[in-house]
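Visitor: Provided below: upload-v3.tsv, containing TSV, C-alpha atoms.
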chain	number	residue	atom	x	y	z
A	793	MET	CA	-35.43	8.40	5.35
A	794	GLY	CA	-32.93	9.34	8.10
A	795	MET	CA	-34.66	7.05	10.62
A	796	ASN	CA	-34.52	4.12	8.19
A	797	SER	CA	-30.82	4.39	7.49
A	798	ARG	CA	-27.93	3.07	9.51
A	799	GLN	CA	-24.37	4.28	9.15
A	800	ILE	CA	-21.26	2.69	10.66
A	801	LEU	CA	-17.76	4.21	10.63
A	802	HIS	CA	-14.58	2.20	11.11
A	803	CYS	CA	-11.09	3.66	11.61
A	804	VAL	CA	-11.86	7.01	10.00
A	805	ALA	CA	-8.35	8.39	10.17
A	806	GLY	CA	-5.80	9.34	7.57
A	807	VAL	CA	-2.45	10.94	7.01
A	808	TRP	CA	-4.22	14.30	6.70
A	809	PHE	CA	-5.79	14.00	10.16
A	810	LEU	CA	-2.48	12.94	11.67
A	811	SER	CA	-0.65	15.84	10.06
A	812	LEU	CA	-3.05	18.34	11.58
A	813	SER	CA	-2.48	16.99	15.07
A	814	VAL	CA	1.10	18.28	15.14
A	815	VAL	CA	-0.08	21.91	15.25
A	816	ILE	CA	1.30	23.25	18.53
A	817	GLU	CA	-1.33	24.04	21.13
A	818	GLY	CA	-1.88	27.77	21.39
A	819	LYS	CA	-0.07	28.47	18.13
A	820	ASP	CA	-1.31	31.29	15.93
A	821	LEU	CA	-2.65	30.78	12.42
A	822	PRO	CA	-0.14	31.24	9.57
A	823	ALA	CA	0.81	34.85	8.92
A	824	SER	CA	-0.29	34.43	5.30
A	825	PHE	CA	-3.88	33.75	6.39
A	826	GLU	CA	-6.12	36.81	6.27
A	827	LYS	CA	-7.36	37.71	9.74
A	828	CYS	CA	-10.86	39.00	10.39
A	829	HIS	CA	-11.61	41.07	13.48
A	830	ARG	CA	-14.96	40.69	15.18
A	831	SER	CA	-15.30	44.49	15.29
A	832	ASN	CA	-15.30	44.58	11.48
A	833	PRO	CA	-18.86	45.44	10.33
A	834	LYS	CA	-18.23	43.12	7.36
A	835	PHE	CA	-16.88	40.33	9.56
A	836	ASP	CA	-18.70	37.47	7.79
A	837	GLN	CA	-17.73	38.75	4.35
A	838	CYS	CA	-14.12	39.01	5.51
A	839	LEU	CA	-14.25	35.43	6.82
A	840	ARG	CA	-15.67	34.18	3.53
A	841	ASN	CA	-12.71	35.70	1.67
A	842	ALA	CA	-10.23	34.52	4.29
A	843	VAL	CA	-11.46	30.92	4.21
A	844	ASN	CA	-11.38	30.87	0.41
A	845	GLY	CA	-7.76	32.05	0.56
A	846	ALA	CA	-6.88	29.47	3.23
A	847	ILE	CA	-8.38	26.63	1.18
A	848	ARG	CA	-6.14	27.51	-1.77
A	849	GLN	CA	-3.02	27.82	0.42
A	850	MET	CA	-3.58	24.51	2.16
A	851	LYS	CA	-3.90	22.56	-1.06
A	852	ASN	CA	-0.14	21.96	-0.99
A	853	GLY	CA	0.09	21.79	2.79
A	854	LEU	CA	1.83	24.03	5.33
A	855	PRO	CA	5.31	22.62	6.04
A	856	GLU	CA	5.94	25.06	8.88
A	857	PHE	CA	2.90	23.58	10.65
A	858	GLY	CA	3.71	20.02	9.69
A	859	ILE	CA	0.53	19.88	7.60
A	860	LEU	CA	0.84	17.65	4.54
A	861	PRO	CA	-0.81	18.46	1.19
A	862	LEU	CA	-4.60	18.26	1.38
A	863	GLU	CA	-5.09	17.16	-2.20
A	864	PRO	CA	-6.25	14.46	-2.04
A	865	LEU	CA	-7.77	13.99	1.42
A	866	ALA	CA	-7.06	10.46	2.69
A	867	VAL	CA	-9.49	8.35	4.73
A	868	ASP	CA	-8.31	4.91	5.79
A	869	ALA	CA	-11.67	3.13	5.88
A	870	LEU	CA	-15.40	3.69	6.24
A	871	SER	CA	-18.50	1.54	6.14
A	872	ILE	CA	-22.07	2.52	5.32
A	873	GLU	CA	-25.16	0.41	5.84
A	874	GLN	CA	-28.29	1.81	4.23
A	875	GLY	CA	-31.95	0.92	3.98
A	876	GLU	CA	-34.60	-1.40	5.38
A	877	PRO	CA	-35.91	-4.58	3.70
A	878	SER	CA	-38.86	-2.65	2.23
A	879	SER	CA	-36.69	0.18	0.85
A	880	PRO	CA	-36.04	0.43	-2.91
A	881	ILE	CA	-32.32	0.59	-2.11
A	882	THR	CA	-30.62	-1.59	0.49
A	883	LEU	CA	-26.82	-1.54	0.53
A	884	ARG	CA	-23.89	-2.55	2.67
A	885	GLN	CA	-20.76	-0.74	1.52
A	886	HIS	CA	-17.23	-0.88	2.88
A	887	PHE	CA	-14.45	1.33	1.51
A	888	THR	CA	-10.71	1.29	2.17
A	889	GLY	CA	-7.87	3.49	0.97
A	890	VAL	CA	-10.26	6.31	0.13
A	891	LYS	CA	-8.96	9.43	-1.62
A	892	LEU	CA	-11.23	12.48	-1.83
A	893	SER	CA	-10.10	14.79	-4.63
A	894	HIS	CA	-10.90	18.37	-5.66
A	895	LEU	CA	-12.24	19.49	-2.25
A	896	THR	CA	-9.69	22.33	-2.27
A	897	GLU	CA	-11.30	23.68	-5.45
A	898	SER	CA	-14.36	24.64	-3.39
A	899	THR	CA	-15.50	28.24	-3.23
A	900	ILE	CA	-17.28	29.56	-0.15
A	901	LEU	CA	-20.33	31.53	-1.31
A	902	LYS	CA	-21.76	32.47	2.09
A	903	TYR	CA	-20.32	32.55	5.60
A	904	ARG	CA	-22.48	33.40	8.59
A	905	THR	CA	-21.36	33.35	12.21
A	906	ASP	CA	-23.00	33.69	15.61
A	907	LEU	CA	-20.01	33.48	17.92
A	908	LYS	CA	-22.15	34.06	21.03
A	909	LYS	CA	-23.99	30.83	20.26
A	910	LEU	CA	-20.88	29.29	18.63
A	911	ILE	CA	-22.70	28.56	15.37
A	912	ILE	CA	-21.10	28.83	11.93
A	913	LYS	CA	-23.07	28.32	8.71
A	914	THR	CA	-21.48	28.18	5.30
A	915	GLU	CA	-22.50	27.49	1.74
A	916	ALA	CA	-19.98	26.33	-0.86
A	917	ILE	CA	-19.79	25.19	-4.45
A	918	THR	CA	-17.32	22.63	-5.80
A	919	PRO	CA	-17.03	21.87	-9.54
A	920	LYS	CA	-16.66	18.19	-8.72
A	921	VAL	CA	-15.75	15.93	-5.83
A	922	GLN	CA	-14.21	12.59	-6.70
A	923	PHE	CA	-14.39	9.67	-4.29
A	924	LEU	CA	-11.90	6.91	-5.15
A	925	GLY	CA	-11.30	3.79	-3.09
A	926	ASN	CA	-11.45	0.05	-2.84
A	927	TYR	CA	-14.95	-1.22	-2.14
A	928	THR	CA	-16.96	-4.27	-1.25
A	929	MET	CA	-20.72	-4.03	-1.66
A	930	ASP	CA	-23.86	-6.13	-1.65
A	931	GLY	CA	-27.57	-5.36	-1.56
A	932	ARG	CA	-30.31	-4.20	-3.90
A	933	ILE	CA	-30.66	-1.17	-6.18
A	934	LEU	CA	-34.26	-0.48	-7.29
A	935	LEU	CA	-35.08	-4.12	-6.47
A	936	LEU	CA	-32.14	-5.43	-8.57
A	937	PRO	CA	-29.46	-7.40	-6.69
A	938	ILE	CA	-25.96	-5.93	-6.70
A	939	THR	CA	-22.66	-7.33	-5.49
A	940	GLY	CA	-19.02	-6.61	-6.16
A	941	HIS	CA	-15.56	-5.73	-4.94
A	942	GLY	CA	-12.86	-3.68	-6.62
A	943	LEU	CA	-12.15	-0.01	-7.30
A	944	ALA	CA	-14.97	2.53	-6.89
A	945	ASN	CA	-15.15	5.96	-8.49
A	946	ILE	CA	-18.08	8.09	-7.32
A	947	THR	CA	-18.12	11.65	-8.67
A	948	LEU	CA	-20.41	14.44	-7.50
A	949	HIS	CA	-20.61	17.13	-10.18
A	950	ARG	CA	-21.25	20.84	-9.49
A	951	LEU	CA	-21.78	20.08	-5.82
A	952	LYS	CA	-23.42	22.68	-3.63
A	953	THR	CA	-22.76	22.03	0.06
A	954	HIS	CA	-24.38	23.50	3.16
A	955	HIS	CA	-22.43	23.26	6.42
A	956	GLU	CA	-23.53	24.04	9.97
A	957	LEU	CA	-21.02	23.86	12.82
A	958	ILE	CA	-22.37	23.93	16.38
A	959	GLY	CA	-19.70	24.42	19.02
A	960	GLU	CA	-19.07	24.69	22.72
A	961	LEU	CA	-16.37	26.49	24.71
A	962	VAL	CA	-13.44	24.59	26.16
A	963	GLU	CA	-10.91	26.32	28.43
A	964	ARG	CA	-7.31	25.15	28.86
A	965	ASN	CA	-4.40	26.99	30.44
A	966	GLY	CA	-6.40	30.20	30.57
A	967	GLU	CA	-7.22	30.07	26.82
A	968	GLN	CA	-10.67	29.51	25.31
A	969	TYR	CA	-11.10	27.10	22.42
A	970	MET	CA	-14.14	26.23	20.33
A	971	GLN	CA	-14.90	22.53	20.16
A	972	VAL	CA	-17.26	21.51	17.36
A	973	ARG	CA	-19.96	19.41	19.02
A	974	LYS	CA	-22.05	18.82	15.91
A	975	TYR	CA	-21.28	19.19	12.20
A	976	LEU	CA	-24.25	19.02	9.82
A	977	VAL	CA	-23.74	18.67	6.06
A	978	HIS	CA	-26.25	18.81	3.21
A	979	PHE	CA	-25.31	17.89	-0.38
A	980	GLU	CA	-27.00	19.20	-3.53
A	981	PRO	CA	-25.16	17.81	-6.59
A	982	LYS	CA	-26.24	18.60	-10.13
A	983	GLN	CA	-25.29	15.08	-11.16
A	984	VAL	CA	-23.66	11.98	-9.68
A	985	THR	CA	-21.82	9.34	-11.69
A	986	PHE	CA	-21.05	5.87	-10.35
A	987	GLU	CA	-18.36	3.48	-11.54
A	988	PHE	CA	-17.69	0.21	-9.70
A	989	GLY	CA	-15.02	-2.09	-11.03
A	990	ASN	CA	-15.54	-5.86	-10.92
A	991	LEU	CA	-19.29	-5.84	-10.29
A	992	PHE	CA	-20.81	-9.33	-10.26
A	993	ASN	CA	-17.32	-10.87	-10.23
A	994	GLY	CA	-16.46	-9.27	-13.56
A	995	ASP	CA	-19.60	-10.23	-15.51
A	996	GLN	CA	-19.52	-7.47	-18.14
A	997	ARG	CA	-23.14	-7.85	-19.24
A	998	LEU	CA	-24.56	-7.59	-15.72
A	999	SER	CA	-22.08	-4.83	-14.84
A	1000	SER	CA	-23.03	-2.75	-17.89
A	1001	THR	CA	-26.74	-3.14	-17.14
A	1002	MET	CA	-26.30	-2.15	-13.50
A	1003	HIS	CA	-24.16	0.88	-14.34
A	1004	GLN	CA	-26.83	2.07	-16.76
A	1005	VAL	CA	-29.46	1.69	-14.03
A	1006	LEU	CA	-27.27	3.53	-11.50
A	1007	ASN	CA	-26.37	6.43	-13.77
A	1008	ASP	CA	-29.74	6.80	-15.50
A	1009	ASN	CA	-31.42	6.91	-12.09
A	1010	TRP	CA	-28.70	8.76	-10.18
A	1011	GLU	CA	-31.18	11.17	-8.56
A	1012	VAL	CA	-33.24	8.33	-7.05
A	1013	VAL	CA	-30.12	6.42	-6.01
A	1014	PHE	CA	-28.43	9.43	-4.43
A	1015	ARG	CA	-31.60	10.55	-2.68
A	1016	GLU	CA	-31.77	7.18	-0.94
A	1017	LEU	CA	-28.08	7.24	-0.01
A	1018	ARG	CA	-27.79	10.97	0.74
A	1019	SER	CA	-28.34	10.90	4.51
A	1020	SER	CA	-25.74	8.17	5.05
A	1021	TYR	CA	-23.12	10.02	3.00
A	1022	GLU	CA	-23.97	13.32	4.71
A	1023	ASP	CA	-23.60	11.70	8.14
A	1024	THR	CA	-20.29	10.18	7.08
A	1025	PHE	CA	-18.86	13.43	5.73
A	1026	GLY	CA	-20.19	15.34	8.73
A	1027	TYR	CA	-18.22	12.97	10.96
A	1028	ILE	CA	-15.06	13.49	8.88
A	1029	PHE	CA	-15.42	17.30	8.70
A	1030	LYS	CA	-16.11	17.48	12.45
A	1031	LYS	CA	-12.90	15.60	13.14
A	1032	ILE	CA	-10.93	17.89	10.82
A	1033	SER	CA	-12.46	21.06	12.30
A	1034	ASN	CA	-11.70	20.02	15.86
A	1035	GLN	CA	-8.09	19.30	14.97
A	1036	ILE	CA	-7.82	23.02	14.16
A	1037	PHE	CA	-10.21	24.66	16.62
A	1038	LEU	CA	-8.80	22.74	19.59
A	1039	LYS	CA	-5.22	23.74	18.73
A	1040	VAL	CA	-5.66	27.46	17.99
A	1041	PRO	CA	-7.41	29.64	20.62
A	1042	MET	CA	-10.55	31.49	19.60
A	1043	ASN	CA	-8.98	34.90	20.14
A	1044	LYS	CA	-6.38	34.01	17.51
A	1045	ILE	CA	-8.87	32.60	15.01
A	1046	PHE	CA	-11.44	35.37	15.59
A	1047	PRO	CA	-9.51	38.33	17.09
A	1048	GLU	CA	-11.39	41.26	18.63
Show the structure stored in the file as C-alpha cells.
Guide:
Amino acid sequence: MGMNSRQILHCVAGVWFLSLSVVIEGKDLPASFEKCHRSNPKFDQCLRNAVNGAIRQMKNGLPEFGILPLEPLAVDALSIEQGEPSSPITLRQHFTGVKLSHLTESTILKYRTDLKKLIIKTEAITPKVQFLGNYTMDGRILLLPITGHGLANITLHRLKTHHELIGELVERNGEQYMQVRKYLVHFEPKQVTFEFGNLFNGDQRLSSTMHQVLNDNWEVVFRELRSSYEDTFGYIFKKISNQIFLKVPMNKIFPE
C-alpha cells in the first residue's frame, strides 16, 4: 500500500506555525507547564501528565510567547495523490484553507522516552478530529468515478493515534537542542464520515449515491487513503515539533 501511494505537499504553513516561530531561542518553557526531571523514576508518567496539561493550556494560545490559539489548527494548503490505475481507489485531492479542530481535546494515554537514542513514543485518544477546508478532487472510489470542488468535512471519530518521534542532537551557542528528524503517525479511528459539498457539479442524485458509498464503506476507503493522510500529518506534526524543540534547549524541556 505505502509503495503504491504518492503524496505531495504544497505550502504547508499556517498562522499557527508562524506564531510558534516567535519563541525566543533559548527561552524556557512557560512556568505554568509541569516540569519532569530525568532523575524521576516515574519520568514517563510525569511527562504524560505534563503534556496533557500543556495541550489544555495551549488551546487558547500563550500570549507571553506570541503563540496564537491552537483551536483550530490552520494549514494553508496540501495536496494528496493516492493510488495506481489498478487500485480500487485512485484520487487526486487538493485542499486549501484547512482548519483542523478538536486536536486539543486529545488525551495522552502512554508516553515513552529513550533520550539516549532521542526517541519518543506516545499513544493518544481524541473523541473526534474534524478536517474542514476547500477541496478539489477527481478519481475513482471503488471503481466509481468521483469529481467535485467545494467545502469538505472529514471527521475521524474516537481516533486513537500512535506517534513516534526520532530525533538528533543539534548544538548552538553551547546549548543542545533536539531536532525531530522523522515523525511517524498511525491512525486508528472507530469511524470516519465524509461530506463533500458540490460533488459532480451539484448533481444531488449522484452526490447522494457517492456519499452513501463513501460512508457505508468508510473502512475500505480510509484503509486505502490511510498512508497518505498519515504521511501528511506526520509532516505537519514534525514541523510543529521542530518549532518547539529547536527553540527550547533540551535541558530546559527535560531537566536533570
Visitor: I want to know what sits within 6 Å of Arg904 of chain A, based on only C-alpha atoms, with residues of the same chain fewer than 2 positions away left out; could you give that as a list in words?
Guide: Asp836, Ile912 and Lys913 of chain A
Visitor: In Å, rounded to a single decimal, give me how far atom CA of Trp1010 of chain A is from atom CA of Ile900 of chain A.
Guide: 25.8 Å
Visitor: Please measure the separation of atom CA of Leu895 of chain A and atom CA of Met929 of chain A, giving the value in Å to one decimal.
Guide: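 A separation of 25.0 Å between them.
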Visitor: Mind working out the centre and edge lengths of an axis-aligned box for segment 878-894 of chain A, all listed atoms inside, 6 Å added to each side, rounded to one decimal in Å and written as JSON?
Guide:
{"center_x": -23.4, "center_y": 7.9, "center_z": -1.4, "size_x": 43.0, "size_y": 33.0, "size_z": 20.5}
Visitor: Name the closest residue to Ile881 of chain A among the candidates A:Val1040, A:Leu1017, A:Ile917, A:Val843; distances are taken between atoms, counting all atoms listed in the file.
Guide: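 Of A:Val1040, A:Leu1017, A:Ile917, A:Val843, the one nearest Ile881 of chain A is A:Leu1017, counting all atoms listed in the file.
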Visitor: Scan for residues within 12 Å of the point (-8.6, 20.4, -10.0) in the coordinates of the file, using all atoms listed in the file, and reply as a PyMOL selection string.
Guide: chain A and resi 848+851+863-864+892-898+918-922
Visitor: What is the distance, in Å and to one decimal place, between atom CA of Asn832 of chain A and atom CA of Glu967 of chain A?
Guide: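 Between atom CA of Asn832 of chain A and atom CA of Glu967 of chain A the gap is 22.6 Å.
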Visitor: With all atoms listed in the file as the atoms that count, which of A:Thr953, A:Asn1009, A:Gln1004, A:Ser1033 lies nearest to Val972 of chain A?
Guide: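 For Val972 of chain A, the nearest of the given residues is A:Ser1033.
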Visitor: Using all atoms listed in the file, which residues sit within 9 Å of His978 of chain A once same-chain residues fewer than 5 positions away are excluded, as a compact mmCIF listing (two decimals) with C-alpha atoms, in the coordinates of the input?
Guide:
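Final output, saved to result16.txt:
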# COMPACT_ATOMS: atom_id res chain seq x y z
CA LYS A 952 -23.42 22.68 -3.63
CA THR A 953 -22.76 22.03 0.06
CA HIS A 954 -24.38 23.50 3.16
CA HIS A 955 -22.43 23.26 6.42
CA GLU A 956 -23.53 24.04 9.97
CA ARG A 1018 -27.79 10.97 0.74
CA SER A 1019 -28.34 10.90 4.51
CA GLU A 1022 -23.97 13.32 4.71
CA GLY A 1026 -20.19 15.34 8.73
Visitor: Could you check which of A:Ala916, A:Val890, A:Ala944, A:Leu865 is closest to Met850 of chain A, using only C-alpha atoms?
Guide: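 Smallest separation from Met850 of chain A among the options: A:Leu865.
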Visitor: Counting all atoms listed in the file, figure out which residue out of A:Thr882, A:Ser831, A:Asn993, A:Asn926 gets nearest to Val867 of chain A.
Guide: A:Asn926
Visitor: Restricting the calculation to only C-alpha atoms, which member of A:Thr947, A:Asn965, A:Thr914, A:Gln971 is positioned closest to Phe988 of chain A?
Guide: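 Distance minimum relative to Phe988 of chain A lands on A:Thr947.
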Visitor: Can you work out which one of A:Phe923, A:Ser879, A:Phe986, A:Leu991 has the shortest atom-to-atom distance to Leu1006 of chain A, counting all atoms listed in the file?
Guide: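 Going through A:Phe923, A:Ser879, A:Phe986, A:Leu991 one by one, the smallest distance to Leu1006 of chain A is for A:Phe986.
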